[in-house]
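Asker: Following this line is final.csv, made up of CSV, C-alpha atoms and all ligand atoms:
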chain,number,residue,atom,x,y,z
A,1,MET,CA,7.6,14.0,1.4
A,2,ASP,CA,8.5,10.6,2.6
A,3,PHE,CA,8.2,8.1,-0.2
A,4,LEU,CA,8.2,5.1,2.1
A,5,ARG,CA,5.3,6.6,3.9
A,6,TYR,CA,3.5,7.0,0.5
A,7,ALA,CA,4.1,3.3,-0.3
A,8,GLU,CA,2.7,2.4,3.1
A,9,ARG,CA,-0.3,4.6,2.4
A,10,ALA,CA,-0.8,2.7,-0.9
A,11,ALA,CA,-0.9,-0.5,1.1
A,12,ASP,CA,-3.5,1.1,3.5
A,13,LEU,CA,-5.5,2.2,0.5
A,14,VAL,CA,-5.6,-1.4,-0.9
A,15,ASN,CA,-6.8,-2.6,2.5
A,16,VAL,CA,-9.7,-0.3,3.2
A,17,PRO,CA,-13.2,-1.1,2.2
A,18,LEU,CA,-14.3,1.6,-0.3
A,19,GLU,CA,-18.0,1.4,-0.7
A,20,ASP,CA,-18.8,5.1,-0.7
A,21,GLU,CA,-17.5,8.6,-0.1
A,22,ASP,CA,-17.7,8.1,3.7
A,23,ASP,CA,-15.3,5.2,3.5
A,24,LEU,CA,-12.8,7.3,1.6
A,25,ARG,CA,-13.4,10.2,4.1
A,26,SER,CA,-12.5,8.0,7.0
A,27,HIS,CA,-9.5,6.6,5.2
A,28,LEU,CA,-8.3,10.2,4.7
A,29,ALA,CA,-9.2,11.4,8.2
A,30,ASP,CA,-5.6,12.5,8.9
A,31,ARG,CA,-5.5,14.5,5.7
A,32,PRO,CA,-8.5,16.9,5.9
A,33,TRP,CA,-7.3,19.0,2.9
A,34,LEU,CA,-7.9,15.9,0.8
A,35,ALA,CA,-10.9,14.5,2.6
A,36,ASP,CA,-12.8,17.8,2.0
A,37,ARG,CA,-12.5,17.4,-1.7
A,38,ILE,CA,-13.8,13.9,-2.2
A,39,THR,CA,-16.2,13.2,-5.0
A,40,SER,CA,-18.0,10.0,-6.1
A,41,SER,CA,-15.7,9.6,-9.1
A,42,ASP,CA,-12.7,9.5,-6.7
A,43,VAL,CA,-14.3,6.5,-5.0
A,44,ARG,CA,-14.8,4.7,-8.4
A,45,ALA,CA,-11.2,5.5,-9.5
A,46,LEU,CA,-9.7,4.4,-6.3
A,47,ARG,CA,-11.6,1.1,-6.3
A,48,ARG,CA,-10.0,0.5,-9.6
A,49,LEU,CA,-6.6,1.5,-8.3
A,50,GLN,CA,-7.1,-1.0,-5.4
A,51,ARG,CA,-7.6,-3.8,-8.0
A,52,ASP,CA,-4.6,-2.6,-10.0
A,53,LEU,CA,-2.2,-2.4,-7.0
A,54,ARG,CA,-3.1,-5.6,-5.1
A,55,PRO,CA,-1.3,-7.9,-7.5
A,56,VAL,CA,1.9,-6.0,-6.9
A,57,PHE,CA,1.7,-6.9,-3.2
A,58,LEU,CA,0.7,-10.5,-4.0
A,59,ALA,CA,3.5,-11.2,-6.5
A,60,ASP,CA,5.9,-13.5,-4.8
A,61,PRO,CA,9.4,-12.6,-5.6
A,62,ALA,CA,10.8,-15.7,-3.9
A,63,PRO,CA,14.3,-16.5,-5.2
A,64,ASP,CA,14.6,-18.5,-8.4
A,65,ALA,CA,16.0,-22.0,-7.9
A,66,GLY,CA,19.6,-21.7,-7.1
A,67,GLY,CA,19.5,-17.9,-6.9
A,68,ASP,CA,19.5,-15.7,-3.8
A,69,GLY,CA,18.0,-12.4,-5.0
A,70,PRO,CA,14.3,-11.9,-5.8
A,71,GLY,CA,12.9,-14.2,-8.6
A,72,ALA,CA,13.2,-12.8,-12.1
A,73,ALA,CA,9.7,-13.5,-13.3
A,74,ALA,CA,8.0,-11.8,-10.3
A,75,THR,CA,10.4,-8.9,-10.4
A,76,GLU,CA,9.6,-8.4,-14.0
A,77,ALA,CA,5.8,-8.6,-13.3
A,78,ILE,CA,6.1,-6.0,-10.5
A,79,VAL,CA,8.2,-3.6,-12.6
A,80,GLU,CA,5.9,-4.0,-15.6
A,81,ARG,CA,2.7,-3.4,-13.7
A,82,LEU,CA,4.1,-0.4,-11.9
A,83,ASN,CA,5.4,1.1,-15.1
A,84,THR,CA,2.0,0.6,-16.8
A,85,LEU,CA,0.3,2.3,-13.9
A,86,LEU,CA,2.8,5.2,-13.7
A,87,ALA,CA,2.1,5.8,-17.4
A,88,ARG,CA,-1.7,5.7,-16.7
A,89,HIS,CA,-1.4,8.1,-13.7
A,90,PRO,CA,1.2,10.8,-14.7
A,91,VAL,CA,3.1,12.3,-11.8
A,92,SER,CA,3.4,16.1,-11.7
A,93,PRO,CA,6.0,17.0,-9.1
A,94,PHE,CA,6.3,20.4,-7.6
A,95,ILE,CA,8.1,22.0,-4.7
A,96,SER,CA,6.0,23.1,-1.7
A,97,GLY,CA,6.9,24.9,1.4
A,98,HIS,CA,3.6,24.8,3.3
A,99,GLY,CA,3.4,24.0,7.0
A,100,GLU,CA,6.5,23.4,9.1
A,101,ALA,CA,8.0,20.7,6.9
A,102,GLY,CA,10.3,23.1,5.0
A,103,LEU,CA,10.7,22.8,1.2
A,104,HIS,CA,9.6,19.3,0.0
A,105,LEU,CA,8.3,17.6,-3.1
A,106,HIS,CA,4.7,16.9,-3.8
A,107,VAL,CA,3.8,14.6,-6.7
A,108,ALA,CA,0.4,15.8,-7.8
A,109,GLU,CA,-0.7,19.2,-8.9
A,110,ARG,CA,-2.9,21.2,-6.5
A,111,GLU,CA,-5.8,20.9,-9.0
A,112,SER,CA,-5.5,17.2,-9.3
A,113,SER,CA,-8.4,15.1,-8.0
A,114,VAL,CA,-8.1,13.2,-4.8
A,115,ALA,CA,-7.9,10.0,-6.7
A,116,GLU,CA,-5.1,11.3,-9.0
A,117,THR,CA,-3.2,12.6,-6.0
A,118,LEU,CA,-3.4,9.3,-4.1
A,119,ALA,CA,-2.5,7.3,-7.3
A,120,ALA,CA,0.6,9.5,-8.0
A,121,GLU,CA,1.8,9.4,-4.4
A,122,GLY,CA,1.2,5.6,-4.0
A,123,LEU,CA,2.8,4.8,-7.3
A,124,MET,CA,5.9,7.0,-6.7
A,125,GLY,CA,6.3,5.5,-3.3
A,126,MET,CA,6.0,2.0,-4.5
A,127,ALA,CA,8.4,2.6,-7.5
A,128,ILE,CA,11.0,4.1,-5.1
A,129,VAL,CA,10.6,1.1,-2.7
A,130,VAL,CA,11.3,-1.2,-5.7
A,131,CYS,CA,14.4,0.8,-6.8
A,132,ASP,CA,15.9,1.6,-3.4
A,133,LEU,CA,14.9,-1.4,-1.2
A,134,GLY,CA,14.1,-4.1,-3.8
A,135,PRO,CA,11.1,-5.7,-5.3
A,136,ASP,CA,10.7,-8.2,-2.5
A,137,ARG,CA,9.4,-5.5,0.0
A,138,PHE,CA,5.7,-6.0,-0.8
A,139,GLY,CA,3.7,-8.7,0.9
A,140,SER,CA,0.3,-9.9,2.2
A,141,CYS,CA,-0.8,-11.0,5.6
A,142,GLN,CA,-0.3,-14.8,6.4
A,143,ALA,CA,-3.0,-14.8,9.1
A,144,ALA,CA,-6.0,-17.0,8.3
A,145,LYS,CA,-8.9,-14.9,6.8
A,146,CYS,CA,-6.9,-11.7,6.4
A,147,ALA,CA,-6.3,-10.4,3.0
A,148,ASN,CA,-4.4,-7.2,4.0
A,149,VAL,CA,-1.2,-6.2,2.2
A,150,PHE,CA,1.8,-4.3,3.5
A,151,VAL,CA,5.2,-2.9,2.8
A,152,ASP,CA,7.9,-4.9,4.6
A,153,THR,CA,10.4,-2.6,6.1
A,154,SER,CA,11.8,-5.1,8.6
A,155,PRO,CA,15.7,-5.4,8.4
A,156,ASN,CA,15.7,-9.0,7.3
A,157,ARG,CA,12.5,-8.9,5.1
A,158,SER,CA,10.7,-11.2,7.5
A,159,ARG,CA,7.4,-9.5,8.0
A,160,ARG,CA,4.5,-12.0,7.7
A,161,TYR,CA,1.5,-10.1,9.2
A,162,CYS,CA,-0.3,-6.9,8.5
A,163,SER,CA,-0.6,-5.9,12.1
A,164,ASP,CA,0.2,-6.9,15.7
A,165,ARG,CA,-3.4,-8.0,16.0
A,166,CYS,CA,-3.0,-10.6,13.2
A,167,SER,CA,0.4,-11.7,14.5
A,168,SER,CA,-1.0,-12.5,17.9
A,169,ARG,CA,-4.1,-14.1,16.5
A,170,ALA,CA,-1.9,-16.4,14.4
A,171,ASN,CA,0.3,-17.2,17.5
A,172,VAL,CA,-2.8,-18.1,19.5
A,173,ALA,CA,-4.1,-20.3,16.7
A,174,ALA,CA,-0.7,-22.1,16.4
A,175,PHE,CA,-0.6,-22.6,20.1
A,176,ARG,CA,-4.1,-24.1,20.2
A,177,ALA,CA,-3.2,-26.4,17.2
A,178,ARG,CA,-0.1,-27.6,19.0
A,179,ARG,CA,-2.0,-28.2,22.2
A,180,LYS,CA,-4.7,-30.1,20.4
A,181,ALA,CA,-2.1,-32.2,18.6
A,182,ALA,CA,-0.4,-33.0,21.9
A,183,ALA,CA,-3.7,-33.9,23.7
A,184,PRO,CA,-4.5,-37.6,24.0
A,185,ALA,CA,-7.3,-38.6,21.6
B,1,ZN,ZN,3.5,18.9,1.8
B,2,ZN,ZN,-3.7,-9.4,8.8
Can you give me the file's structure in the form of structure tokens?

Answerer:
Amino acid sequence: MDFLRYAERAADLVNVPLEDEDDLRSHLADRPWLADRITSSDVRALRRLQRDLRPVFLADPAPDAGGDGPGAAATEAIVERLNTLLARHPVSPFISGHGEAGLHLHVAERESSVAETLAAEGLMGMAIVVCDLGPDRFGSCQAAKCANVFVDTSPNRSRRYCSDRCSSRANVAAFRARRKAAAPA
């Protein structure tokens, strides 16, 4: 498995509307073996997970005054929250050789519910991002009226938008604002 991909899936999960089982089914459209097993309690559990994960993406690990690494307070908050959630959603790793992927690790037992599987994957992915890439890799979209979160895998940690769509929307808005400012009153 690809832990970065799991972290990105966790961000996707935080971003999707989850009103009912259909919403969850369309979120899992590319993973039919999970989509086929969805129950209403998965939807409830994952709504809670969305609320639990969002603050990790919103914590701003800007450097402390005078420092250059991620700020200590935000780092501590991110680590503490992820550790609490890892304890709440225990990970049960096992080796699998299905499909063409060769032997690889899964993080939730076959009998685990869909919600437990997604929680274990997302939390392991995010924990590994924190340890391997740093706690300043989580972010939220800077476009007006967008609340989406993301994992920043850009080389210089400069990602500001959740999508190309938001990025170009923000560019157009900035262009209009400049043109309006330059126009004679
Ligand atoms: Zn697999
Ligand atoms: Zn956005």

Asker: Which polymer residues have any atom within 12 Å of an atom of Leu46 (chain A), counting all atoms listed in the file, with same-chain residues fewer than 5 positions away left out, as a PyMOL selection string?

Answerer: chain A and resi 10+13-21+23-24+27+38-41+51-53+89+113-120+122

Asker: Ser140 (chain A): which residues within 10 Å, counting only C-alpha atoms, same-chain residues fewer than 2 positions away excluded, as a PDB file with C-alpha atoms, keeping the file's coordinate frame?

Answerer:
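Contents of the output file around00.pdb:
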ATOM      1  CA  ALA A  11      -0.900  -0.500   1.100  1.00  0.00           C
ATOM      2  CA  ARG A  54      -3.100  -5.600  -5.100  1.00  0.00           C
ATOM      3  CA  PHE A  57       1.700  -6.900  -3.200  1.00  0.00           C
ATOM      4  CA  LEU A  58       0.700 -10.500  -4.000  1.00  0.00           C
ATOM      5  CA  ALA A  59       3.500 -11.200  -6.500  1.00  0.00           C
ATOM      6  CA  ASP A  60       5.900 -13.500  -4.800  1.00  0.00           C
ATOM      7  CA  PHE A 138       5.700  -6.000  -0.800  1.00  0.00           C
ATOM      8  CA  GLN A 142      -0.300 -14.800   6.400  1.00  0.00           C
ATOM      9  CA  ALA A 143      -3.000 -14.800   9.100  1.00  0.00           C
ATOM     10  CA  CYS A 146      -6.900 -11.700   6.400  1.00  0.00           C
ATOM     11  CA  ALA A 147      -6.300 -10.400   3.000  1.00  0.00           C
ATOM     12  CA  ASN A 148      -4.400  -7.200   4.000  1.00  0.00           C
ATOM     13  CA  VAL A 149      -1.200  -6.200   2.200  1.00  0.00           C
ATOM     14  CA  PHE A 150       1.800  -4.300   3.500  1.00  0.00           C
ATOM     15  CA  VAL A 151       5.200  -2.900   2.800  1.00  0.00           C
ATOM     16  CA  ASP A 152       7.900  -4.900   4.600  1.00  0.00           C
ATOM     17  CA  ARG A 159       7.400  -9.500   8.000  1.00  0.00           C
ATOM     18  CA  ARG A 160       4.500 -12.000   7.700  1.00  0.00           C
ATOM     19  CA  TYR A 161       1.500 -10.100   9.200  1.00  0.00           C
ATOM     20  CA  CYS A 162      -0.300  -6.900   8.500  1.00  0.00           C
TER      21      CYS A 162
END

Asker: Just the number, please: distance in Å from CA of Ile95 (chain A) to CA of Ala108 (chain A), one decimal.

Answerer: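 That distance, rounded to one decimal, is 10.4 Å.
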
Asker: Determine the nearest neighbour of ligand ZN 1 (chain B) from the options A:Asn83, A:Ser26, A:Ser168, A:Ser96, counting all atoms listed in the file.

Answerer: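 For ligand ZN 1 (chain B), the nearest of the candidates is A:Ser96.
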
Asker: Would you name the residues within 8 Å of ligand ZN 1 (chain B), counting all atoms listed in the file, and put them as a list in words?

Answerer: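 Counting only what the definition allows, namely all atoms listed in the file, the set is Met1, Ser96, Gly97, His98, Gly99, Ala101, His104, Leu105 and His106 of chain A.
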
Asker: What lies within 8 Å of Ala170 (chain A) using all atoms listed in the file, ignoring chain neighbours under 3 positions off, as a ChimeraX atom specification?

Answerer: /A:143-144,166-167,173-174

Asker: Rank A:Asp12, A:Glu76, A:Asp30, A:Asp2 by their smallest atom-to-atom distance to ligand ZN 2 (chain B), using only C-alpha atoms and all ligand atoms, and report the top residue only.

Answerer: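 So, comparing all the options, the nearest one is A:Asp12.
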
Asker: Considering all atoms listed in the file, state which residue in the set A:Pro55, A:Ala77, A:Pro61, A:Cys141 is at the smallest distance from ligand ZN 2 (chain B).

Answerer: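 Checking each candidate against ligand ZN 2 (chain B), we get A:Cys141 as the closest.
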
Asker: Please provide as a PDB file with C-alpha atoms, in the frame of the given file all residues within 8 Å of region 109-112 of chain A, with the sequence filter that same-chain residues fewer than 5 positions apart are discarded (counting only C-alpha atoms).

Answerer:
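Saved to out_18.pdb:
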ATOM      1  CA  SER A  92       3.400  16.100 -11.700  1.00  0.00           C
ATOM      2  CA  PRO A  93       6.000  17.000  -9.100  1.00  0.00           C
ATOM      3  CA  PHE A  94       6.300  20.400  -7.600  1.00  0.00           C
ATOM      4  CA  THR A 117      -3.200  12.600  -6.000  1.00  0.00           C
TER       5      THR A 117
END

Asker: Counting only C-alpha atoms and all ligand atoms, figure out which residue out of A:Asp164, A:Phe3, A:Thr75, A:Ser154 gets nearest to ligand ZN 2 (chain B).

Answerer: A:Asp164
